[in-house]
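Asks: My structure file structure_15.cif, mmCIF, C-alpha atoms, is below:
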```cif
data_structure
#
loop_
_atom_site.label_atom_id
_atom_site.label_comp_id
_atom_site.auth_asym_id
_atom_site.auth_seq_id
_atom_site.Cartn_x
_atom_site.Cartn_y
_atom_site.Cartn_z
CA MET E 18 5.49 13.47 7.89
CA MET E 19 3.39 10.76 9.48
CA ALA E 20 0.77 10.93 6.71
CA ALA E 21 3.46 10.37 4.08
CA GLY E 22 4.70 7.33 6.02
CA VAL E 23 1.21 5.89 6.28
CA GLU E 24 0.59 6.39 2.56
CA GLN E 25 3.93 4.81 1.70
CA ASP E 26 3.18 1.87 4.00
CA SER E 27 -0.19 1.39 2.28
CA THR E 28 1.46 1.48 -1.14
CA VAL E 29 4.09 -1.06 -0.06
CA ARG E 30 1.39 -3.31 1.40
CA ALA E 31 -0.67 -2.98 -1.80
CA SER E 32 2.34 -3.96 -3.91
CA LEU E 33 2.98 -6.94 -1.66
CA VAL E 34 -0.66 -8.04 -1.88
CA ARG E 35 -0.66 -7.76 -5.69
CA ALA E 36 2.52 -9.86 -5.81
CA PHE E 37 0.90 -12.51 -3.60
CA GLY E 38 -2.14 -12.57 -5.90
CA LEU E 39 -0.04 -12.95 -9.04
CA ALA E 40 2.05 -15.68 -7.43
CA ALA E 41 -1.12 -17.50 -6.33
CA ALA E 42 -2.40 -17.28 -9.91
CA GLN E 43 0.75 -19.07 -11.08
CA LEU E 44 -0.02 -21.87 -8.65
CA ALA E 45 -3.60 -22.40 -9.81
CA PRO E 46 -4.48 -26.06 -10.38
CA ALA E 47 -3.06 -27.21 -13.70
CA GLY E 48 -3.11 -30.98 -13.45
CA GLY E 49 0.01 -33.08 -13.05
CA ALA E 50 0.84 -35.60 -10.38
CA PRO E 51 -1.58 -35.63 -7.43
CA GLY E 52 1.16 -34.90 -4.90
CA ALA E 53 2.47 -31.95 -6.90
CA ALA E 54 -1.04 -30.55 -7.37
CA ALA E 55 -1.66 -30.78 -3.62
CA GLU E 56 1.62 -28.97 -2.90
CA ARG E 57 0.74 -26.23 -5.37
CA GLU E 58 -2.71 -25.81 -3.82
CA ALA E 59 -1.22 -25.66 -0.32
CA ALA E 60 1.29 -23.01 -1.43
CA ARG E 61 -1.50 -21.07 -3.12
CA GLY E 62 -3.54 -21.22 0.08
CA ARG E 63 -0.61 -19.88 2.11
CA LEU E 64 -0.14 -16.95 -0.29
CA LEU E 65 -3.82 -16.04 -0.11
CA ALA E 66 -3.73 -16.35 3.68
CA HIS E 67 -0.91 -13.78 3.62
CA VAL E 68 -3.15 -11.48 1.56
CA TRP E 69 -5.82 -11.65 4.24
CA SER E 70 -3.26 -11.20 7.05
CA VAL E 71 -2.08 -7.95 5.44
CA ILE E 72 -5.69 -6.70 5.53
CA GLN E 73 -6.08 -7.75 9.18
CA GLU E 74 -2.85 -6.00 10.13
CA ALA E 75 -3.91 -2.81 8.36
CA LYS E 76 -7.37 -2.98 9.95
CA ARG E 77 -5.83 -2.90 13.42
CA GLU E 78 -4.38 0.50 12.47
CA GLY E 79 -7.72 1.94 11.32
CA PRO E 80 -9.76 2.04 8.13
CA ILE E 81 -8.28 0.13 5.19
CA PRO E 82 -6.75 2.54 2.66
CA ALA E 83 -8.41 2.42 -0.76
CA VAL E 84 -5.16 1.47 -2.52
CA LEU E 85 -4.82 -1.60 -0.30
CA PHE E 86 -8.50 -2.54 -0.59
CA ASP E 87 -8.29 -2.40 -4.40
CA ALA E 88 -5.07 -4.43 -4.36
CA VAL E 89 -6.76 -7.23 -2.38
CA VAL E 90 -9.70 -7.25 -4.81
CA HIS E 91 -7.22 -7.56 -7.69
CA ALA E 92 -5.23 -10.28 -5.91
CA TYR E 93 -8.31 -12.44 -5.40
CA CYS E 94 -9.39 -11.95 -9.01
CA ASP E 95 -5.88 -12.64 -10.32
CA ALA E 96 -5.87 -15.86 -8.31
CA GLY E 97 -9.14 -16.95 -9.92
CA LEU E 98 -11.26 -16.30 -6.83
CA PRO E 99 -13.80 -13.67 -7.86
CA ALA E 100 -16.25 -14.92 -5.20
CA HIS E 101 -13.71 -13.93 -2.51
CA ALA E 102 -13.29 -10.53 -4.17
CA GLU E 103 -17.05 -10.06 -4.34
CA GLU E 104 -17.33 -10.95 -0.65
CA LEU E 105 -14.65 -8.36 0.12
CA LEU E 106 -16.67 -5.71 -1.74
CA GLY E 107 -19.51 -6.45 0.66
CA MET E 108 -17.20 -5.92 3.62
CA GLY E 109 -16.27 -2.36 2.66
CA ALA E 110 -18.20 -0.74 5.52
CA GLU E 111 -16.74 -3.16 8.08
CA LEU E 112 -13.23 -2.41 6.80
CA GLY E 113 -13.83 1.35 6.68
CA CYS E 114 -13.37 1.61 2.93
CA GLU E 115 -16.04 2.29 0.33
CA PRO E 116 -15.31 0.02 -2.65
CA SER E 117 -14.31 2.03 -5.71
CA ALA E 118 -15.82 1.79 -9.16
CA GLU E 119 -12.48 0.30 -10.25
CA ALA E 120 -12.73 -2.46 -7.64
CA PHE E 121 -16.23 -3.32 -8.83
CA ALA E 122 -15.04 -3.21 -12.46
CA ARG E 123 -12.25 -5.69 -11.70
CA VAL E 124 -14.65 -8.19 -10.13
CA LEU E 125 -17.18 -7.66 -12.91
CA HIS E 126 -14.46 -8.42 -15.45
CA ALA E 127 -13.68 -11.65 -13.59
CA LEU E 128 -17.39 -12.57 -13.72
CA GLU E 129 -17.80 -11.78 -17.43
CA GLY E 130 -18.48 -15.42 -18.30
CA GLU E 131 -21.17 -15.74 -15.60
CA PRO E 132 -24.01 -13.38 -16.66
CA ARG E 133 -26.27 -14.12 -13.68
CA GLN E 134 -23.52 -13.41 -11.14
CA PHE E 135 -22.25 -10.48 -13.21
CA PHE E 136 -25.59 -8.70 -13.21
CA ALA E 137 -26.32 -9.49 -9.57
CA LEU E 138 -23.12 -7.63 -8.66
CA TRP E 139 -23.76 -4.89 -11.24
CA GLU E 140 -27.22 -4.22 -9.83
CA ARG E 141 -25.94 -4.30 -6.25
CA MET E 142 -23.24 -1.77 -7.17
CA LEU E 143 -25.79 0.60 -8.69
CA ALA E 144 -28.40 0.22 -5.94
CA GLU E 145 -26.32 0.01 -2.77
CA THR E 146 -23.09 1.94 -3.30
CA GLY E 147 -21.82 5.27 -4.52
CA ALA E 148 -19.67 3.56 -7.16
CA ARG E 149 -20.71 4.41 -10.72
CA PRO E 150 -19.44 2.49 -13.73
CA GLY E 151 -17.00 4.14 -16.06
CA PRO E 152 -16.98 3.76 -19.85
CA LEU E 153 -15.10 0.44 -19.86
CA ALA E 154 -17.41 -1.11 -17.25
CA MET E 155 -20.48 0.03 -19.20
CA GLN E 156 -19.07 -1.50 -22.40
CA LEU E 157 -18.33 -4.72 -20.52
CA ALA E 158 -21.87 -4.86 -19.10
CA LEU E 159 -23.37 -4.21 -22.52
CA GLY E 160 -21.21 -6.97 -24.00
CA VAL E 161 -22.35 -9.42 -21.31
CA ALA E 162 -26.00 -8.47 -21.90
CA ALA E 163 -25.56 -8.89 -25.66
CA ALA E 164 -23.78 -12.24 -25.32
CA SER E 165 -26.51 -13.55 -23.01
CA ARG E 166 -29.26 -12.07 -25.23
CA ASP E 167 -30.71 -10.21 -22.23
CA ALA E 168 -32.75 -7.32 -23.67
CA ARG E 169 -33.92 -6.04 -20.29
CA ARG E 170 -30.41 -5.65 -18.93
CA ALA E 171 -29.12 -4.32 -22.24
CA GLN E 172 -31.79 -1.63 -22.09
CA ALA E 173 -30.76 -0.65 -18.54
CA VAL E 174 -27.08 -0.44 -19.53
CA LEU E 175 -27.89 1.55 -22.66
CA GLU E 176 -29.85 4.03 -20.55
CA LEU E 177 -26.74 4.57 -18.42
CA MET E 178 -24.64 4.92 -21.56
CA PHE E 179 -27.10 7.41 -23.01
CA ALA E 180 -26.92 9.53 -19.83
CA ALA E 181 -23.11 9.38 -19.99
CA ARG E 182 -23.03 10.05 -23.74
CA GLU E 183 -21.07 6.84 -24.23
CA ALA E 184 -21.46 5.12 -27.60
CA PRO E 185 -21.73 1.32 -27.50
CA ALA E 186 -19.08 -0.86 -29.09
CA ALA E 187 -20.05 -1.92 -32.61
CA GLU E 188 -19.90 -5.66 -31.87
CA ALA E 189 -22.35 -5.42 -28.94
CA ALA E 190 -24.62 -3.05 -30.86
CA ASP E 191 -24.76 -5.45 -33.81
CA ALA E 192 -25.59 -8.38 -31.52
CA LEU E 193 -28.34 -6.38 -29.81
CA ARG E 194 -29.91 -5.37 -33.12
CA SER E 195 -30.48 -9.07 -33.82
CA LEU E 196 -32.49 -9.68 -30.62
CA PRO E 197 -35.86 -11.38 -31.23
CA PRO E 198 -38.80 -8.97 -31.52
CA GLY E 199 -40.45 -7.75 -28.34
CA PRO E 200 -41.01 -4.56 -26.36
CA GLU E 201 -37.62 -4.66 -24.61
CA ALA E 202 -35.79 -5.40 -27.86
CA ALA E 203 -37.64 -2.48 -29.47
CA ALA E 204 -36.52 -0.20 -26.63
CA VAL E 205 -32.94 -1.43 -27.09
CA ARG E 206 -33.07 -0.62 -30.82
CA ARG E 207 -34.45 2.86 -30.09
CA LEU E 208 -31.65 3.54 -27.62
CA LEU E 209 -29.05 2.25 -30.08
CA ASN E 210 -30.45 4.61 -32.73
CA GLU E 211 -30.41 7.54 -30.30
CA LEU E 212 -26.83 6.79 -29.27
CA GLY E 213 -25.88 6.54 -32.94
CA ARG E 214 -27.14 10.10 -33.46
CA ALA E 215 -25.52 11.50 -30.30
#
```
Starting from the coordinates I provided, produce the structure as structure tokens.
Replies:
Amino acid sequence: MMAAGVEQDSTVRASLVRAFGLAAAQLAPAGGAPGAAAEREAARGRLLAHVWSVIQEAKREGPIPAVLFDAVVHAYCDAGLPAHAEELLGMGAELGCEPSAEAFARVLHALEGEPRQFFALWERMLAETGARPGPLAMQLALGVAAASRDARRAQAVLELMFAAREAPAAEAADALRSLPPGPEAAAVRRLLNELGRA
């Protein structure tokens, strides 16, 4: 009976955290009168402080449940604070919760427009954690590599996709086929051809 109560409490906390994150997103700076903008930012700060207080309260009870950890990651990303979410991923061991592939995918999605930061987190996930990207995360990474014309990283992602038997999205594949000539671009084209036959 106690386990069911703990799980329910974690689910309730996770729902509360997600609501705080969504509310904070609605209060993101949007211009307007300076006084109103300052009030919105102060309210946003209070909501995000509540998010962290929920984590602290749960931590006093033991390891952070995965559902709550993932909810906090989502809340920070929803509020436009992917750097906070990324920092939280690094605190998994301290909080007693291994970040999930879904938590990494959410932060990666928030960093999609920042290729350098995106791939720093991607490479950290692969090298330092047990989290492995799913099909959507691999497609996202390939799209970021294609958009940034990064043949080396595209090759690495395609190798993961090949191992997973995951075909690349047509748009990313077309962009990668137009990479300037070079050994990495040639390897990318070979992998694209192999995946096209798989």
Asks: Written as a list in words, which residues does the PyMOL selection byres ((chain E and resi 88) around 8) give for the file shown?
Replies: Ala31, Ser32, Val34, Arg35, Val84, Leu85, Phe86, Asp87, Val89, Val90, His91 and Ala92 of chain E
Asks: Could you name the residues that touch segment 125-132 of chain E at 10 Å or less, counting only C-alpha atoms, but leaving out those on the same chain fewer than 4 positions away, as a PyMOL selection string?
Replies: chain E and resi 91+93-95+97-100+102-103+119-121+136-139+153-154+157-158+160-162+164-165+167
Asks: Could you check how far atom CA of Glu176 of chain E sits from atom CA of Leu208 of chain E, in Å to one decimal?
Replies: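 One can read the atom CA of Glu176 of chain E to atom CA of Leu208 of chain E distance as 7.3 Å.
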Asks: Could you tell me how far atom CA of Arg194 of chain E sits from atom CA of Ala148 of chain E, in Å to one decimal place?
Replies: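 Straight-line distance from atom CA of Ala148 of chain E to atom CA of Arg194 of chain E works out to 29.3 Å.
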Asks: For this structure, which residues satisfy the selection - the PyMOL selection byres ((chain E and resi 199-201) around 12) - when it is evaluated on the file as given? I want them as a count of residues only.
Replies: 22
Asks: Taking all atoms listed in the file into account, name the residue in E:Asn210, E:Gln134, E:Thr146, E:Ser117 that is nearest to Ala83 of chain E.
Replies: E:Ser117
Asks: Rank nothing, just name the residue among E:Leu143, E:Val29, E:Ala181, E:Ala190 nearest to Leu159 of chain E, using all atoms listed in the file.
Replies: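 Ranking E:Leu143, E:Val29, E:Ala181, E:Ala190 by distance to Leu159 of chain E, first place goes to E:Ala190.
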Asks: Given all atoms listed in the file as the basis, pick out the residue of E:Ala59, E:Val68, E:Ala110, E:Leu33 nearest to Ile81 of chain E.
Replies: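 The answer is E:Ala110, which sits nearest to Ile81 of chain E.
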Asks: Separation of atom CA of Met178 of chain E and atom CA of Met108 of chain E, in Å?
Replies: 28.4 Å
Asks: Nearest residue to Glu78 of chain E out of E:Glu104, E:Glu188, E:Glu183, E:Asp26, using all atoms listed in the file?
Replies: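 Selected residue with least distance to Glu78 of chain E: E:Asp26.
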Asks: Centre and edge lengths of an axis-aligned box around all listed atoms of segment 101-116 of chain E, with 6 Å added on each side, are to be given in Å to one decimal, as JSON.
Replies:
```
{"center_x": -16.4, "center_y": -5.8, "center_z": 1.9, "size_x": 18.3, "size_y": 28.2, "size_z": 24.4}
```
Asks: Enumerate, as a PyMOL selection string, the residues matched when the PyMOL selection byres ((chain E and resi 184) around 9) is run on the file above.
Replies: chain E and resi 156+175+178-179+181-183+185-187+209+212-213+215
Asks: Restricting the calculation to all atoms listed in the file, which member of E:Leu105, E:Ala163, E:Leu112, E:Ala75 is positioned closest to Ser27 of chain E?
Replies: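 Going through E:Leu105, E:Ala163, E:Leu112, E:Ala75 one by one, the smallest distance to Ser27 of chain E is for E:Ala75.
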